[in-house]
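Trainee: Here it is, the structure, as structure tokens.
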Amino acid sequence: MRNRNLDIRAFCAWISLFACFAVLSGCASLPDSNPKTPSQAFSAPYETALGKIALASAPADNVDQSGFRLIPLGAFAFDTRIELIRRAERSLDLQYYVIANDESGLTLLKELAAAAARGVRVRLLLDDLYTTGLDQSLLSLARLPNVEVRLFNPFPSGRSALWSKFLLSAGDFQRLNHRMHNKLFVADNVMAVTGGRNIGDEYFMYASAANFIDMDAFVVGNIVRDLSEVFDRYWNSAYVYPLAAFVADDPRAATATPRAPDFGIAKTRGPLAADAVDALGYHPVAIELERGKLDLIWAPAMVFADSPLKVTGLTEGGMHTTVTSNLMHVMDGAQEEVIVISPYFIPGKIGMEAIRRLSERHVRMVLVTNSLAASDAPLVHIGYSHYRKAMLKLGVEIYEINPERMKQRNKIFEFGSSRAMLHAKIAVIDHKQVFVGSMNSDPRSSRDNTEMGIVVDSPKMAGQIISLMQSDGPSGSFRLRNADKPNGFEWVANDREDQDPAGEEILDDEPGAGIWLKATLQLLAPFAPEELF
């Protein structure tokens with residue numbers, strides 16, 4: 001499992017690493033030159049087959065609108081990406097924080113190689129934090145005609161392990177602490193997928209141990225050009241380097257004539273069944289592309305994206321241009337209700353001031369986040385736990401994912417024996433505006449990492465999010481409420497969807513979390529400042 005932040009083991013590793021700073025002065029540095037050729041998204045996207053389908057799918061009165069479809073189910077999210085790769089004619093642009101060295105990640109790379117062999121230009125941009133173990137696979141892809149692979153804010157050496165990456169670049173920690181957390185997939189500059197999912201088994205519900213509840217948006221039409229502009233801005237930035245600047249050819253793998261590698265995947269996953277239907281009633285994208293028209297929600301929307309300059313650190317003035325600040329501005333305009341779904345929620349001083357403003361205007365706020373038992377980043381939970389009591393006093397309704405009951409009673413996802421964890425990053429404002437993106441509600445997303453997302457003005461899409469929340473009822477989460485207890489509140493689990501008190505189970509301590517985990521976090525809490533996350 002690739003934690004978004006630092007888990008306990010990683011935290012201990014950092015302590016050891018920082019002890020080395022006094023004797024290390026930066027054993028490796030970036031190259032003096034950055035040889036790469038600028039490129040941009042292809043123009044005239046509506047001349048392609050995907051572009052013609054986009055035009056055929058638009059309503060006659062479409063003015064300044066684009067088409068959208070939420071993708072709550074992992075299998076549909078994976079299938080959509082693969083189908084777009086197979087149907088692209090001119091270009092594929094991918095920007096990700098993580099492409100895992102697993103079946104999902106390697107299958108995607110194999111499909112990209114096949115697209116390049118058809119003459120499709122492939123531009124793959126990866127953050128360099130979690131590329132460990134993937135270098136030779138990426139180089140095999142980059143060696144093919146029509147393919148370029150670039151790394152954002154790369155590690156110059158020590159690429160065999162995460163700890164060695166940092167250890168051999170210890171003197172450059174301030175730079176390396178800034179990562180590209182964006183998630184974007186664009187086909188022919190006319191259809192895109194963006195949202196919370198990285199590329200890996202657990203993001204598509206294919207992992208055996210743990211899987212994420214996540215959300216993407218399938219995007220069609222004019223706003224895709226805005227997304228492509230975001231991609232181009234990163235692709236051509238000074239903080240992006242060609243893969244070959246850091247990864248050497250393996251002589252055993254190099255061939256005189258580059259050919260499409262199989263990446264160790266004998267065959268790719270088969271397509272979804274033609275009669276498959278997701279939680280919102282949509283059929284697989286492949287079926288609709290085949291018939292030449294897509295079932296979409298058409299609405300006005302805007303793109304929020306951090307600048308790649310964020311890697312240099314934010315000034316006080318720069319804070320007002322981030323995805324976080326733009327979304328908070330939208331929330332400040334709420335008149336009735338704000339719903340926030342975030343796996344990691346640390347509001348900080350600025351966030352608490354925003355919550356207080358909503359409370360003073362009697363705007364209802366609902367927060368859905370991970371419980372300690374559900375979190376894949378337990379240290380982040382330390383920062384979040386400091387704010388629960390204050391948020392409850394301001395009237396925030398807090399729900400924490402109950403991983404065991406979620407997988408036992410969930411009506412949407414099929415977790416099997418795996419652990420359920422929240423990874424979606426969503427906001428719904430006044431039942432009419434929806435944010436879907438990569439941004440978590442924590443200091444790292446607001447200050448250190450680059451993020452992106454879209455805000456769609458659509459009551460129908462807002463209703464779909466709320467319907468998905470309600471379909472699982474209270475049984476999939478713990479509800480926090482004020483109580484005369486040492487910590488000022490209690491957790492309530494309810495097996496009855498009508499909230500009948502007779503079905504309540506009341507807990508006084510972090511539910512579902514083991515005693516050793518809770519004890520360890522208590523010991524580490526004084527040494528884990530909020531700024532770390």
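For the structure tokens, the naming scheme is as follows: chains receive sequential letters (A, B, ...) according to their order of presentation, residues are indexed from 1 within each chain, and ligands are indexed from 1 in presentation order.
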If we count only C-alpha atoms and set the cut-off at 9 Å, which residues sit around Gly196 (chain A), ignoring sequence neighbours fewer than 6 positions away in its own chain? Please answer as a PDB file with all heavy atoms, in the first residue's frame.

Mentor:
ATOM      1  N   ASN A 182      -1.326  15.702  -8.717  1.00  0.00           N
ATOM      2  CA  ASN A 182      -2.353  15.766  -9.760  1.00  0.00           C
ATOM      3  C   ASN A 182      -2.670  14.392 -10.331  1.00  0.00           C
ATOM      4  O   ASN A 182      -1.823  13.505 -10.357  1.00  0.00           O
ATOM      5  CB  ASN A 182      -1.887  16.661 -10.914  1.00  0.00           C
ATOM      6  CG  ASN A 182      -1.456  18.040 -10.466  1.00  0.00           C
ATOM      7  OD1 ASN A 182      -0.890  18.209  -9.399  1.00  0.00           O
ATOM      8  ND2 ASN A 182      -1.686  19.028 -11.311  1.00  0.00           N
ATOM      9  N   LYS A 183      -3.917  14.240 -10.800  1.00  0.00           N
ATOM     10  CA  LYS A 183      -4.345  13.027 -11.508  1.00  0.00           C
ATOM     11  C   LYS A 183      -5.143  13.452 -12.741  1.00  0.00           C
ATOM     12  O   LYS A 183      -6.239  14.006 -12.629  1.00  0.00           O
ATOM     13  CB  LYS A 183      -5.236  12.138 -10.629  1.00  0.00           C
ATOM     14  CG  LYS A 183      -4.495  11.447  -9.490  1.00  0.00           C
ATOM     15  CD  LYS A 183      -4.809  12.100  -8.197  1.00  0.00           C
ATOM     16  CE  LYS A 183      -4.284  11.254  -7.052  1.00  0.00           C
ATOM     17  NZ  LYS A 183      -3.624  11.989  -6.015  1.00  0.00           N
ATOM     18  N   TYR A 203      -6.887   1.236  -6.150  1.00  0.00           N
ATOM     19  CA  TYR A 203      -7.746   2.345  -6.572  1.00  0.00           C
ATOM     20  C   TYR A 203      -8.890   1.863  -7.466  1.00  0.00           C
ATOM     21  O   TYR A 203      -9.839   2.606  -7.706  1.00  0.00           O
ATOM     22  CB  TYR A 203      -6.915   3.403  -7.295  1.00  0.00           C
ATOM     23  CG  TYR A 203      -5.837   3.979  -6.419  1.00  0.00           C
ATOM     24  CD1 TYR A 203      -4.529   3.509  -6.485  1.00  0.00           C
ATOM     25  CD2 TYR A 203      -6.131   4.969  -5.479  1.00  0.00           C
ATOM     26  CE1 TYR A 203      -3.537   4.014  -5.664  1.00  0.00           C
ATOM     27  CE2 TYR A 203      -5.146   5.472  -4.655  1.00  0.00           C
ATOM     28  CZ  TYR A 203      -3.852   5.000  -4.745  1.00  0.00           C
ATOM     29  OH  TYR A 203      -2.875   5.497  -3.916  1.00  0.00           O
ATOM     30  N   ASP A 214     -13.375   5.669  -3.909  1.00  0.00           N
ATOM     31  CA  ASP A 214     -12.797   6.806  -4.624  1.00  0.00           C
ATOM     32  C   ASP A 214     -13.780   7.341  -5.647  1.00  0.00           C
ATOM     33  O   ASP A 214     -14.864   6.771  -5.849  1.00  0.00           O
ATOM     34  CB  ASP A 214     -11.482   6.388  -5.287  1.00  0.00           C
ATOM     35  CG  ASP A 214     -10.421   7.471  -5.210  1.00  0.00           C
ATOM     36  OD1 ASP A 214     -10.786   8.660  -5.271  1.00  0.00           O
ATOM     37  OD2 ASP A 214      -9.226   7.138  -5.090  1.00  0.00           O
ATOM     38  N   MET A 215     -13.390   8.429  -6.318  1.00  0.00           N
ATOM     39  CA  MET A 215     -14.283   9.042  -7.293  1.00  0.00           C
ATOM     40  C   MET A 215     -13.472   9.720  -8.391  1.00  0.00           C
ATOM     41  O   MET A 215     -12.506  10.439  -8.124  1.00  0.00           O
ATOM     42  CB  MET A 215     -15.184  10.088  -6.629  1.00  0.00           C
ATOM     43  CG  MET A 215     -16.221  10.698  -7.558  1.00  0.00           C
ATOM     44  SD  MET A 215     -17.491   9.516  -8.071  1.00  0.00           S
ATOM     45  CE  MET A 215     -18.406   9.351  -6.527  1.00  0.00           C
ATOM     46  N   ASP A 216     -13.868   9.467  -9.633  1.00  0.00           N
ATOM     47  CA  ASP A 216     -13.350  10.171 -10.807  1.00  0.00           C
ATOM     48  C   ASP A 216     -14.512  10.839 -11.522  1.00  0.00           C
ATOM     49  O   ASP A 216     -15.683  10.498 -11.310  1.00  0.00           O
ATOM     50  CB  ASP A 216     -12.683   9.203 -11.790  1.00  0.00           C
ATOM     51  CG  ASP A 216     -11.327   8.717 -11.325  1.00  0.00           C
ATOM     52  OD1 ASP A 216     -10.592   9.510 -10.708  1.00  0.00           O
ATOM     53  OD2 ASP A 216     -11.007   7.543 -11.579  1.00  0.00           O
ATOM     54  N   HIS A 423     -10.790   7.391  -0.099  1.00  0.00           N
ATOM     55  CA  HIS A 423      -9.743   8.129  -0.800  1.00  0.00           C
ATOM     56  C   HIS A 423     -10.313   9.242  -1.678  1.00  0.00           C
ATOM     57  O   HIS A 423      -9.564  10.053  -2.230  1.00  0.00           O
ATOM     58  CB  HIS A 423      -8.906   7.164  -1.659  1.00  0.00           C
ATOM     59  CG  HIS A 423      -7.636   7.752  -2.170  1.00  0.00           C
ATOM     60  ND1 HIS A 423      -7.498   8.257  -3.451  1.00  0.00           N
ATOM     61  CD2 HIS A 423      -6.429   7.919  -1.574  1.00  0.00           C
ATOM     62  CE1 HIS A 423      -6.259   8.712  -3.624  1.00  0.00           C
ATOM     63  NE2 HIS A 423      -5.592   8.513  -2.496  1.00  0.00           N
ATOM     64  N   ALA A 424     -11.638   9.323  -1.805  1.00  0.00           N
ATOM     65  CA  ALA A 424     -12.268  10.323  -2.659  1.00  0.00           C
ATOM     66  C   ALA A 424     -12.116  11.719  -2.074  1.00  0.00           C
ATOM     67  O   ALA A 424     -12.099  11.903  -0.856  1.00  0.00           O
ATOM     68  CB  ALA A 424     -13.747   9.999  -2.827  1.00  0.00           C
ATOM     69  N   LYS A 425     -12.017  12.710  -2.986  1.00  0.00           N
ATOM     70  CA  LYS A 425     -11.908  14.109  -2.577  1.00  0.00           C
ATOM     71  C   LYS A 425     -13.033  14.877  -3.281  1.00  0.00           C
ATOM     72  O   LYS A 425     -12.945  15.214  -4.466  1.00  0.00           O
ATOM     73  CB  LYS A 425     -10.558  14.697  -2.972  1.00  0.00           C
ATOM     74  CG  LYS A 425      -9.334  13.903  -2.438  1.00  0.00           C
ATOM     75  CD  LYS A 425      -8.828  12.923  -3.437  1.00  0.00           C
ATOM     76  CE  LYS A 425      -7.450  12.369  -3.153  1.00  0.00           C
ATOM     77  NZ  LYS A 425      -7.192  11.783  -1.875  1.00  0.00           N
ATOM     78  N   ILE A 426     -14.099  15.149  -2.540  1.00  0.00           N
ATOM     79  CA  ILE A 426     -15.321  15.695  -3.118  1.00  0.00           C
ATOM     80  C   ILE A 426     -15.874  16.790  -2.206  1.00  0.00           C
ATOM     81  O   ILE A 426     -15.723  16.728  -0.983  1.00  0.00           O
ATOM     82  CB  ILE A 426     -16.393  14.591  -3.268  1.00  0.00           C
ATOM     83  CG1 ILE A 426     -15.860  13.419  -4.093  1.00  0.00           C
ATOM     84  CG2 ILE A 426     -17.676  15.132  -3.887  1.00  0.00           C
ATOM     85  CD1 ILE A 426     -16.753  12.193  -4.039  1.00  0.00           C
ATOM     86  N   VAL A 436     -14.710  17.802  -7.718  1.00  0.00           N
ATOM     87  CA  VAL A 436     -14.066  16.495  -7.766  1.00  0.00           C
ATOM     88  C   VAL A 436     -12.614  16.738  -8.157  1.00  0.00           C
ATOM     89  O   VAL A 436     -12.351  17.403  -9.172  1.00  0.00           O
ATOM     90  CB  VAL A 436     -14.720  15.553  -8.790  1.00  0.00           C
ATOM     91  CG1 VAL A 436     -14.013  14.205  -8.820  1.00  0.00           C
ATOM     92  CG2 VAL A 436     -16.193  15.355  -8.479  1.00  0.00           C
ATOM     93  N   GLY A 437     -11.677  16.233  -7.361  1.00  0.00           N
ATOM     94  CA  GLY A 437     -10.288  16.498  -7.699  1.00  0.00           C
ATOM     95  C   GLY A 437      -9.312  15.649  -6.923  1.00  0.00           C
ATOM     96  O   GLY A 437      -9.662  14.604  -6.350  1.00  0.00           O
ATOM     97  N   SER A 438      -8.065  16.124  -6.898  1.00  0.00           N
ATOM     98  CA  SER A 438      -6.982  15.406  -6.230  1.00  0.00           C
ATOM     99  C   SER A 438      -6.683  15.960  -4.850  1.00  0.00           C
ATOM    100  O   SER A 438      -5.907  15.371  -4.093  1.00  0.00           O
ATOM    101  CB  SER A 438      -5.706  15.497  -7.088  1.00  0.00           C
ATOM    102  OG  SER A 438      -5.205  16.837  -7.110  1.00  0.00           O
ATOM    103  N   MET A 439      -7.283  17.083  -4.479  1.00  0.00           N
ATOM    104  CA  MET A 439      -6.904  17.834  -3.291  1.00  0.00           C
ATOM    105  C   MET A 439      -7.509  17.268  -2.014  1.00  0.00           C
ATOM    106  O   MET A 439      -8.726  17.132  -1.893  1.00  0.00           O
ATOM    107  CB  MET A 439      -7.339  19.291  -3.440  1.00  0.00           C
ATOM    108  CG  MET A 439      -6.922  20.203  -2.311  1.00  0.00           C
ATOM    109  SD  MET A 439      -7.981  21.654  -2.204  1.00  0.00           S
ATOM    110  CE  MET A 439      -9.421  20.987  -1.384  1.00  0.00           C
ATOM    111  N   GLY A 453      -8.437  20.083  -9.828  1.00  0.00           N
ATOM    112  CA  GLY A 453      -9.811  19.601  -9.695  1.00  0.00           C
ATOM    113  C   GLY A 453     -10.738  20.402 -10.585  1.00  0.00           C
ATOM    114  O   GLY A 453     -10.336  21.378 -11.219  1.00  0.00           O
TER     115      GLY A 453
END

Trainee: Just asking: which residues within region 367-437 of chain A are strand (DSSP E) according to DSSP, as a list in words?

Mentor: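 DSSP on the backbone gives strand (DSSP E) at Leu367, Val368, Thr369, Asn370, Glu397, Ile398, Tyr399, Glu400, Ile401, Arg419, Ala420, Met421, Leu422, Ile426, Ala427, Val428, Ile429, Gln433, Val434, Phe435, Val436 and Gly437 of chain A.
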
Trainee: Within 12 Å of Leu367 (chain A), counting only C-alpha atoms, which residues qualify if same-chain residues fewer than 4 places away don't, as a ChimeraX atom specification?

Mentor: /A:337-347,355,371,384,388,391-392,395-401,425-428,441,469,477-480

Trainee: Keeping C-alpha atoms for every residue in the selection just given, could you write it to a file as an mmCIF file, in the first residue's frame?

Mentor:
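Full text of again-v4.cif as output:
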data_model
loop_
_atom_site.group_PDB
_atom_site.id
_atom_site.type_symbol
_atom_site.label_atom_id
_atom_site.label_comp_id
_atom_site.auth_asym_id
_atom_site.auth_seq_id
_atom_site.Cartn_x
_atom_site.Cartn_y
_atom_site.Cartn_z
ATOM 1 C CA GLU A 337 -25.112 23.395 3.023
ATOM 2 C CA VAL A 338 -21.529 22.302 2.445
ATOM 3 C CA ILE A 339 -20.618 18.605 2.258
ATOM 4 C CA VAL A 340 -16.928 17.703 2.349
ATOM 5 C CA ILE A 341 -15.667 14.178 1.640
ATOM 6 C CA SER A 342 -11.953 13.893 2.310
ATOM 7 C CA PRO A 343 -9.789 10.985 3.487
ATOM 8 C CA TYR A 344 -7.403 13.310 5.327
ATOM 9 C CA PHE A 345 -8.935 16.356 7.013
ATOM 10 C CA ILE A 346 -6.781 18.815 8.970
ATOM 11 C CA PRO A 347 -8.473 22.224 8.734
ATOM 12 C CA ILE A 355 -15.969 26.643 9.286
ATOM 13 C CA SER A 371 -11.762 6.798 11.088
ATOM 14 C CA TYR A 384 -7.279 15.667 12.443
ATOM 15 C CA ARG A 388 -12.933 17.155 16.168
ATOM 16 C CA MET A 391 -15.778 21.286 14.872
ATOM 17 C CA LEU A 392 -18.598 19.526 16.707
ATOM 18 C CA GLY A 395 -22.193 22.301 14.514
ATOM 19 C CA VAL A 396 -20.239 20.267 11.978
ATOM 20 C CA GLU A 397 -21.791 16.844 11.391
ATOM 21 C CA ILE A 398 -18.881 14.395 11.332
ATOM 22 C CA TYR A 399 -19.022 10.867 9.936
ATOM 23 C CA GLU A 400 -15.992 8.555 10.030
ATOM 24 C CA ILE A 401 -15.767 5.511 7.751
ATOM 25 C CA LYS A 425 -11.908 14.109 -2.577
ATOM 26 C CA ILE A 426 -15.321 15.695 -3.118
ATOM 27 C CA ALA A 427 -17.299 18.738 -2.049
ATOM 28 C CA VAL A 428 -20.975 19.527 -2.649
ATOM 29 C CA SER A 441 -8.246 19.002 3.032
ATOM 30 C CA MET A 469 -23.856 8.823 0.397
ATOM 31 C CA SER A 477 -19.824 4.993 9.208
ATOM 32 C CA PHE A 478 -19.507 6.199 12.785
ATOM 33 C CA ARG A 479 -21.374 9.393 13.635
ATOM 34 C CA LEU A 480 -19.690 11.674 16.159
#

Trainee: As a PDB file with N, CA and C atoms, in the first residue's frame, please: the residues near Gly512 (chain A) (cut-off 10 Å, only C-alpha atoms, same-chain neighbours under 2 positions excluded).

Mentor:
ATOM      1  N   SER A 371     -12.059   7.047   9.678  1.00  0.00           N
ATOM      2  CA  SER A 371     -11.762   6.798  11.088  1.00  0.00           C
ATOM      3  C   SER A 371     -10.298   6.368  11.173  1.00  0.00           C
ATOM      4  N   LEU A 372      -9.767   6.309  12.384  1.00  0.00           N
ATOM      5  CA  LEU A 372      -8.399   5.837  12.557  1.00  0.00           C
ATOM      6  C   LEU A 372      -8.257   4.421  12.000  1.00  0.00           C
ATOM      7  N   ALA A 373      -9.257   3.583  12.218  1.00  0.00           N
ATOM      8  CA  ALA A 373      -9.192   2.199  11.742  1.00  0.00           C
ATOM      9  C   ALA A 373      -9.199   2.113  10.226  1.00  0.00           C
ATOM     10  N   ALA A 374      -9.770   3.108   9.558  1.00  0.00           N
ATOM     11  CA  ALA A 374      -9.866   3.078   8.103  1.00  0.00           C
ATOM     12  C   ALA A 374      -8.714   3.795   7.413  1.00  0.00           C
ATOM     13  N   ASN A 402     -16.460   3.451   8.776  1.00  0.00           N
ATOM     14  CA  ASN A 402     -16.366   2.245   9.588  1.00  0.00           C
ATOM     15  C   ASN A 402     -15.951   1.115   8.643  1.00  0.00           C
ATOM     16  N   PRO A 403     -14.652   0.756   8.586  1.00  0.00           N
ATOM     17  CA  PRO A 403     -14.186  -0.152   7.528  1.00  0.00           C
ATOM     18  C   PRO A 403     -14.823  -1.528   7.552  1.00  0.00           C
ATOM     19  N   GLU A 404     -15.071  -2.092   8.738  1.00  0.00           N
ATOM     20  CA  GLU A 404     -15.648  -3.431   8.810  1.00  0.00           C
ATOM     21  C   GLU A 404     -17.101  -3.431   8.362  1.00  0.00           C
ATOM     22  N   LEU A 507     -19.661   4.200  21.420  1.00  0.00           N
ATOM     23  CA  LEU A 507     -18.271   3.892  21.730  1.00  0.00           C
ATOM     24  C   LEU A 507     -17.583   5.138  22.271  1.00  0.00           C
ATOM     25  N   ASP A 509     -14.003   5.403  22.509  1.00  0.00           N
ATOM     26  CA  ASP A 509     -12.624   5.534  22.051  1.00  0.00           C
ATOM     27  C   ASP A 509     -12.547   5.148  20.585  1.00  0.00           C
ATOM     28  N   GLU A 510     -11.439   5.509  19.916  1.00  0.00           N
ATOM     29  CA  GLU A 510     -11.259   5.294  18.484  1.00  0.00           C
ATOM     30  C   GLU A 510     -11.734   3.895  18.086  1.00  0.00           C
ATOM     31  N   GLY A 514      -6.686  -0.909  16.875  1.00  0.00           N
ATOM     32  CA  GLY A 514      -6.044  -1.757  17.862  1.00  0.00           C
ATOM     33  C   GLY A 514      -5.363  -0.963  18.957  1.00  0.00           C
ATOM     34  N   ILE A 515      -5.173  -1.588  20.092  1.00  0.00           N
ATOM     35  CA  ILE A 515      -4.581  -0.914  21.241  1.00  0.00           C
ATOM     36  C   ILE A 515      -3.153  -0.461  20.955  1.00  0.00           C
TER      37      ILE A 515
END

Trainee: Using only C-alpha atoms for the distances, tell me which of A:Asp201, A:Glu148, A:Asp127, A:Asp332 is nearest to Val363 (chain A).

Mentor: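 Answer, going by the shortest atom-to-atom distance: A:Asp332.
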
Trainee: Would you work out the distance separating CA of Arg364 (chain A) from CA of Glu336 (chain A), expressed in Å to one decimal?

Mentor: 6.1 Å

Trainee: With distances taken over only C-alpha atoms, which of A:Ala100, A:Met331, A:Met452, A:Ala117 is nearest to Asp306 (chain A)?

Mentor: A:Met452

Trainee: Can I get the residues of region 239-342 of chain A within 12 Å of region 30-53 of chain A, each with the closest pair of atoms and their distance in Å to one decimal, using only C-alpha atoms, sorted chain first then ascending number, as CSV?

Mentor:
residue,atom,partner,partner_atom,distance
A:Tyr239,CA,A:Asn34,CA,9.1
A:Val240,CA,A:Asn34,CA,8.3
A:Tyr241,CA,A:Asn34,CA,6.2
A:Pro242,CA,A:Lys36,CA,6.7
A:Leu243,CA,A:Lys36,CA,10.4
A:Ala244,CA,A:Pro35,CA,10.2
A:Ala245,CA,A:Pro31,CA,7.7
A:Phe246,CA,A:Pro31,CA,9.0
A:Val285,CA,A:Ile53,CA,11.7
A:Ala286,CA,A:Leu50,CA,11.5
A:Glu288,CA,A:Ile53,CA,9.4
A:Leu289,CA,A:Ile53,CA,7.1
A:Glu290,CA,A:Ile53,CA,9.4
A:Arg291,CA,A:Ile53,CA,9.0
A:Gly292,CA,A:Ile53,CA,5.3
A:Lys293,CA,A:Ile53,CA,5.7
A:Leu294,CA,A:Ile53,CA,7.4
A:Asp295,CA,A:Ile53,CA,11.0
A:Leu296,CA,A:Ile53,CA,11.9

Trainee: Could you find all residues in region 103-210 of chain A that DSSP calls alpha helix (DSSP H) from the backbone, and write them as a ChimeraX atom specification?

Mentor: /A:103-117,135-142,162-167,173-176

Trainee: Find, counting only C-alpha atoms, the residue in A:Ser164, A:Asn482, A:Asn326, A:Asn222 that gets nearest to Thr132 (chain A).

Mentor: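 Closest residue, counting only C-alpha atoms: A:Ser164.
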
Trainee: Of the residues A:Asp79, A:Glu89, A:Asp376, A:Asp172, which is the one nearest to Phe204 (chain A), using only C-alpha atoms?

Mentor: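 Closest residue, counting only C-alpha atoms: A:Asp79.
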